[in-house]
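Okay, structure first, notes after.
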Amino acid sequence: MKKNSKAFYWMALPAVCLFFIFHTIPVIQGIIYSFTNYKGYGDYEFIGLKNYLNLFQDDRVFASYGFTFKFAIIATILVNVISLMIAMGLNAKIKYRNTLRGIFFIPNILSILIVGYIFNYIFAFFVPQIAEKAGINSLTENILGNPDLAWIGIVIVAVWQAVAFNTILYLAGLQTIPSDLYEAASLDGAGKWHSFRHITFPLIASFFTINMVLAMKNFLMVFDHIIALTGGGPGQATEAISILIYKGGFQGGEFAYQAANSVIYFIIIVAVSIIQIKFLQKREVTM
């Protein structure tokens, strides 16, 4: 056993070293830079908490956080509702069930950028042409070019792709429920809704927690979808925090300032995830 343990340590050591070099060290460097006036090049000086204080006075930062949370909350709710419905359908005794499971998982293996560019074409040409023939004037123009509607297009694409992964998790949870429970419930006269409310949902509550936390975290970190669809525009209408950090840090000479923003961003994501876990796990216990 001791020899085997040593072998496992040696197998894990290269991965740990790579993780430390390419993840931990850059994180530490970013935190250090957040206390400086570094522009991404040249010399720099330590300025203490000035970057952090300026963040709380920056309207653009507040607008980006507002958009990010609006997008993340709406997308998280839609993804979990839709994926749970699809999972229940795929868990039922239907023909070609395994084939349909494979088809519904396809969006998860596609590149986000490629999906974004395809939907960009759909919103720019396909949807307006159909809307014009159908007489829907509000959709005859590309919604991605409308500051008030562009976020809807991003939500549609993000939800369409994220549903695949969440569906698999819910499907795994549904398959852990014994069929005897449903048979006993039907003998007692319970309908579909009562079976779902008192059997299905309570028994997959842990999977619901996982999906909610992962979906919220991923949507708070949204980047590729926005880059492929709007680039943060029109104007700054769809500028998420990740986009602001990227643009300001690597294109706007605000490396240290956006490093401070990324530290705050990280803390907020961790805090939101912890709050979600504590609240949803408490709900699991009470059910």
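FYI, nothing fancy with the structure tokens labels: chains A, B, ... in order, residues from 1 per chain, ligands from 1 as they appear.
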Quick check for you: according to DSSP on this backbone, which residues of stretch 64-275 of chain A are classed as alpha helix (DSSP H)? Reply as a VMD selection string. chain A and resid 64 to 91 97 to 109 112 to 121 127 to 134 150 to 174 179 to 187 192 to 195 201 to 203 205 to 220 224 to 229 241 to 250 255 to 275
Residues near A:Val79, cut-off 7 Å, only C-alpha atoms, skip fewer than 4 positions along chain, as an MDAnalysis selection string: chainID A and resid 75 83 159 162:163
Could you take the residues named above and write them with all heavy atoms, as a PDB file, in the first residue's frame?
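Listed below is the output, part28.pdb:
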ATOM      1  N   ALA A  75     -30.847  33.587 -17.060  1.00  0.00           N
ATOM      2  CA  ALA A  75     -30.365  32.402 -17.759  1.00  0.00           C
ATOM      3  C   ALA A  75     -30.353  31.179 -16.853  1.00  0.00           C
ATOM      4  O   ALA A  75     -30.697  30.073 -17.287  1.00  0.00           O
ATOM      5  CB  ALA A  75     -28.965  32.667 -18.311  1.00  0.00           C
ATOM      6  N   SER A  83     -34.164  22.392 -18.778  1.00  0.00           N
ATOM      7  CA  SER A  83     -33.409  21.133 -18.716  1.00  0.00           C
ATOM      8  C   SER A  83     -34.122  20.086 -17.863  1.00  0.00           C
ATOM      9  O   SER A  83     -34.089  18.891 -18.183  1.00  0.00           O
ATOM     10  CB  SER A  83     -32.008  21.386 -18.172  1.00  0.00           C
ATOM     11  OG  SER A  83     -32.058  21.956 -16.883  1.00  0.00           O
ATOM     12  N   VAL A 159     -28.538  29.855 -23.077  1.00  0.00           N
ATOM     13  CA  VAL A 159     -29.458  28.852 -22.538  1.00  0.00           C
ATOM     14  C   VAL A 159     -29.513  27.644 -23.446  1.00  0.00           C
ATOM     15  O   VAL A 159     -29.494  26.495 -22.984  1.00  0.00           O
ATOM     16  CB  VAL A 159     -30.862  29.467 -22.354  1.00  0.00           C
ATOM     17  CG1 VAL A 159     -31.894  28.383 -22.062  1.00  0.00           C
ATOM     18  CG2 VAL A 159     -30.845  30.499 -21.223  1.00  0.00           C
ATOM     19  N   ALA A 162     -26.345  25.643 -22.766  1.00  0.00           N
ATOM     20  CA  ALA A 162     -26.164  25.158 -21.402  1.00  0.00           C
ATOM     21  C   ALA A 162     -27.182  24.092 -21.020  1.00  0.00           C
ATOM     22  O   ALA A 162     -26.914  23.278 -20.127  1.00  0.00           O
ATOM     23  CB  ALA A 162     -26.253  26.325 -20.420  1.00  0.00           C
ATOM     24  N   VAL A 163     -28.329  24.078 -21.654  1.00  0.00           N
ATOM     25  CA  VAL A 163     -29.377  23.111 -21.322  1.00  0.00           C
ATOM     26  C   VAL A 163     -28.885  21.675 -21.462  1.00  0.00           C
ATOM     27  O   VAL A 163     -29.266  20.802 -20.679  1.00  0.00           O
ATOM     28  CB  VAL A 163     -30.621  23.358 -22.216  1.00  0.00           C
ATOM     29  CG1 VAL A 163     -31.501  22.117 -22.273  1.00  0.00           C
ATOM     30  CG2 VAL A 163     -31.429  24.528 -21.668  1.00  0.00           C
TER      31      VAL A 163
END
Between atom CA of A:Phe71 and atom CA of A:Ile168 lies a distance of 22.8 Å
Selection: 10 Å around A:Asp224, only C-alpha atoms, excl. self and same-chain fewer than 2 positions, as a PyMOL selection string: chain A and resi 111-116+158+221-222+226-229+231+242-243
Just the selected residues (N, CA, C and O atoms), exported as a PDB file, in the first residue's frame, please.
ATOM      1  N   SER A 111     -18.303  24.238 -30.128  1.00  0.00           N
ATOM      2  CA  SER A 111     -17.550  25.408 -29.689  1.00  0.00           C
ATOM      3  C   SER A 111     -18.489  26.592 -29.490  1.00  0.00           C
ATOM      4  O   SER A 111     -19.359  26.858 -30.322  1.00  0.00           O
ATOM      5  N   ILE A 112     -18.310  27.299 -28.371  1.00  0.00           N
ATOM      6  CA  ILE A 112     -19.177  28.444 -28.065  1.00  0.00           C
ATOM      7  C   ILE A 112     -19.043  29.529 -29.123  1.00  0.00           C
ATOM      8  O   ILE A 112     -20.031  30.142 -29.539  1.00  0.00           O
ATOM      9  N   LEU A 113     -17.819  29.760 -29.585  1.00  0.00           N
ATOM     10  CA  LEU A 113     -17.598  30.800 -30.583  1.00  0.00           C
ATOM     11  C   LEU A 113     -18.288  30.453 -31.901  1.00  0.00           C
ATOM     12  O   LEU A 113     -18.913  31.316 -32.535  1.00  0.00           O
ATOM     13  N   ILE A 114     -18.194  29.187 -32.306  1.00  0.00           N
ATOM     14  CA  ILE A 114     -18.849  28.768 -33.552  1.00  0.00           C
ATOM     15  C   ILE A 114     -20.360  28.901 -33.427  1.00  0.00           C
ATOM     16  O   ILE A 114     -21.035  29.407 -34.327  1.00  0.00           O
ATOM     17  N   VAL A 115     -20.906  28.457 -32.297  1.00  0.00           N
ATOM     18  CA  VAL A 115     -22.346  28.591 -32.054  1.00  0.00           C
ATOM     19  C   VAL A 115     -22.761  30.064 -32.089  1.00  0.00           C
ATOM     20  O   VAL A 115     -23.781  30.431 -32.660  1.00  0.00           O
ATOM     21  N   GLY A 116     -21.930  30.913 -31.459  1.00  0.00           N
ATOM     22  CA  GLY A 116     -22.226  32.340 -31.439  1.00  0.00           C
ATOM     23  C   GLY A 116     -22.265  32.950 -32.824  1.00  0.00           C
ATOM     24  O   GLY A 116     -23.167  33.740 -33.151  1.00  0.00           O
ATOM     25  N   ALA A 158     -26.987  31.321 -24.912  1.00  0.00           N
ATOM     26  CA  ALA A 158     -26.373  30.735 -23.719  1.00  0.00           C
ATOM     27  C   ALA A 158     -27.245  29.632 -23.139  1.00  0.00           C
ATOM     28  O   ALA A 158     -26.744  28.565 -22.746  1.00  0.00           O
ATOM     29  N   MET A 221     -19.683  34.212 -15.261  1.00  0.00           N
ATOM     30  CA  MET A 221     -18.392  34.292 -15.941  1.00  0.00           C
ATOM     31  C   MET A 221     -18.545  34.345 -17.458  1.00  0.00           C
ATOM     32  O   MET A 221     -17.586  34.098 -18.191  1.00  0.00           O
ATOM     33  N   VAL A 222     -19.722  34.674 -17.957  1.00  0.00           N
ATOM     34  CA  VAL A 222     -19.978  34.660 -19.395  1.00  0.00           C
ATOM     35  C   VAL A 222     -18.975  35.545 -20.134  1.00  0.00           C
ATOM     36  O   VAL A 222     -18.682  36.665 -19.730  1.00  0.00           O
ATOM     37  N   ILE A 226     -20.737  36.523 -25.531  1.00  0.00           N
ATOM     38  CA  ILE A 226     -20.829  37.960 -25.802  1.00  0.00           C
ATOM     39  C   ILE A 226     -19.811  38.368 -26.861  1.00  0.00           C
ATOM     40  O   ILE A 226     -20.117  39.171 -27.753  1.00  0.00           O
ATOM     41  N   ILE A 227     -18.609  37.809 -26.790  1.00  0.00           N
ATOM     42  CA  ILE A 227     -17.579  38.120 -27.791  1.00  0.00           C
ATOM     43  C   ILE A 227     -18.054  37.733 -29.187  1.00  0.00           C
ATOM     44  O   ILE A 227     -17.878  38.472 -30.162  1.00  0.00           O
ATOM     45  N   ALA A 228     -18.684  36.558 -29.311  1.00  0.00           N
ATOM     46  CA  ALA A 228     -19.118  36.063 -30.615  1.00  0.00           C
ATOM     47  C   ALA A 228     -20.347  36.794 -31.139  1.00  0.00           C
ATOM     48  O   ALA A 228     -20.504  36.941 -32.356  1.00  0.00           O
ATOM     49  N   LEU A 229     -21.212  37.275 -30.249  1.00  0.00           N
ATOM     50  CA  LEU A 229     -22.477  37.871 -30.684  1.00  0.00           C
ATOM     51  C   LEU A 229     -22.429  39.393 -30.781  1.00  0.00           C
ATOM     52  O   LEU A 229     -22.831  39.962 -31.800  1.00  0.00           O
ATOM     53  N   GLY A 231     -19.780  41.505 -28.832  1.00  0.00           N
ATOM     54  CA  GLY A 231     -18.535  42.130 -28.433  1.00  0.00           C
ATOM     55  C   GLY A 231     -18.707  43.131 -27.303  1.00  0.00           C
ATOM     56  O   GLY A 231     -17.844  43.973 -27.072  1.00  0.00           O
ATOM     57  N   SER A 242     -16.594  40.271 -17.249  1.00  0.00           N
ATOM     58  CA  SER A 242     -15.451  39.626 -17.904  1.00  0.00           C
ATOM     59  C   SER A 242     -15.016  40.388 -19.148  1.00  0.00           C
ATOM     60  O   SER A 242     -13.819  40.490 -19.438  1.00  0.00           O
ATOM     61  N   ILE A 243     -15.980  40.924 -19.888  1.00  0.00           N
ATOM     62  CA  ILE A 243     -15.658  41.711 -21.088  1.00  0.00           C
ATOM     63  C   ILE A 243     -14.971  43.010 -20.698  1.00  0.00           C
ATOM     64  O   ILE A 243     -13.989  43.430 -21.330  1.00  0.00           O
TER      65      ILE A 243
END
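Of the residues listed (A:Val61, A:Met216, A:Ala87, A:Leu139), A:Ala87 shows the shortest atom-to-atom separation from A:Tyr170; distances use only C-alpha atoms.
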Neighbours of A:Ile32 within 12 Å (only C-alpha atoms; same-chain residues fewer than 4 positions away dropped), as a ChimeraX atom specification? /A:25-28,36-38,44-49,51,255-257,259-260,263
Expected file: the selected residues, C-alpha atoms, as a CSV table (one decimal), in the first residue's frame:
chain,number,residue,atom,x,y,z
A,25,ILE,CA,1.2,32.0,-9.7
A,26,PRO,CA,-0.8,34.2,-12.2
A,27,VAL,CA,-3.5,34.6,-9.6
A,28,ILE,CA,-1.0,35.8,-7.0
A,36,THR,CA,-0.1,49.1,-8.3
A,37,ASN,CA,-0.6,51.4,-11.2
A,38,TYR,CA,0.7,48.9,-13.7
A,44,TYR,CA,4.9,50.7,-11.9
A,45,GLU,CA,4.5,51.8,-8.4
A,46,PHE,CA,2.5,50.5,-5.4
A,47,ILE,CA,-0.6,52.7,-4.8
A,48,GLY,CA,-2.3,50.7,-2.0
A,49,LEU,CA,-6.1,50.4,-2.2
A,51,ASN,CA,-7.8,50.9,-7.5
A,255,PHE,CA,-4.1,46.3,-16.3
A,256,ALA,CA,-3.8,47.0,-12.5
A,257,TYR,CA,-7.2,48.6,-12.3
A,259,ALA,CA,-6.8,43.2,-11.9
A,260,ALA,CA,-8.5,44.8,-8.8
A,263,VAL,CA,-10.3,40.2,-7.5
Report as JSON, numbers by chain all protein, DNA and RNA residues lying within 12 Å of stretch 235-237 of chain A, evaluated on only C-alpha atoms, omitting residues in the same chain fewer than 5 positions from it. {"A": [59, 60, 61, 62, 63, 64, 65, 66, 67, 68, 71, 144, 145, 146, 147, 148, 149, 150, 151, 152, 154, 226, 230, 243, 244, 247]}
Quick one: everything within 9 Å of A:Ala215, counting only C-alpha atoms, minus sequence neighbours fewer than 2 positions away in the same chain. Send it as a short mmCIF file (atom, residue, chain, number, x, y, z; two decimals) with C-alpha atoms, in the first residue's frame.
data_model
loop_
_atom_site.label_atom_id
_atom_site.label_comp_id
_atom_site.auth_asym_id
_atom_site.auth_seq_id
_atom_site.Cartn_x
_atom_site.Cartn_y
_atom_site.Cartn_z
CA ALA A 72 -26.99 35.26 -14.97
CA ALA A 75 -30.36 32.40 -17.76
CA THR A 76 -29.96 30.22 -14.65
CA ILE A 77 -33.71 30.05 -14.09
CA VAL A 79 -31.75 26.64 -18.02
CA ASN A 80 -32.89 24.73 -14.95
CA ALA A 162 -26.16 25.16 -21.40
CA ASN A 166 -27.83 20.37 -17.11
CA ILE A 210 -25.49 21.29 -8.22
CA ASN A 211 -27.16 22.59 -11.38
CA MET A 212 -28.14 25.90 -9.84
CA VAL A 213 -24.65 26.57 -8.47
CA LYS A 217 -21.25 30.44 -11.69
CA ASN A 218 -20.86 29.82 -15.42
CA PHE A 219 -23.27 32.59 -16.40
CA LEU A 220 -21.62 35.08 -14.06
#
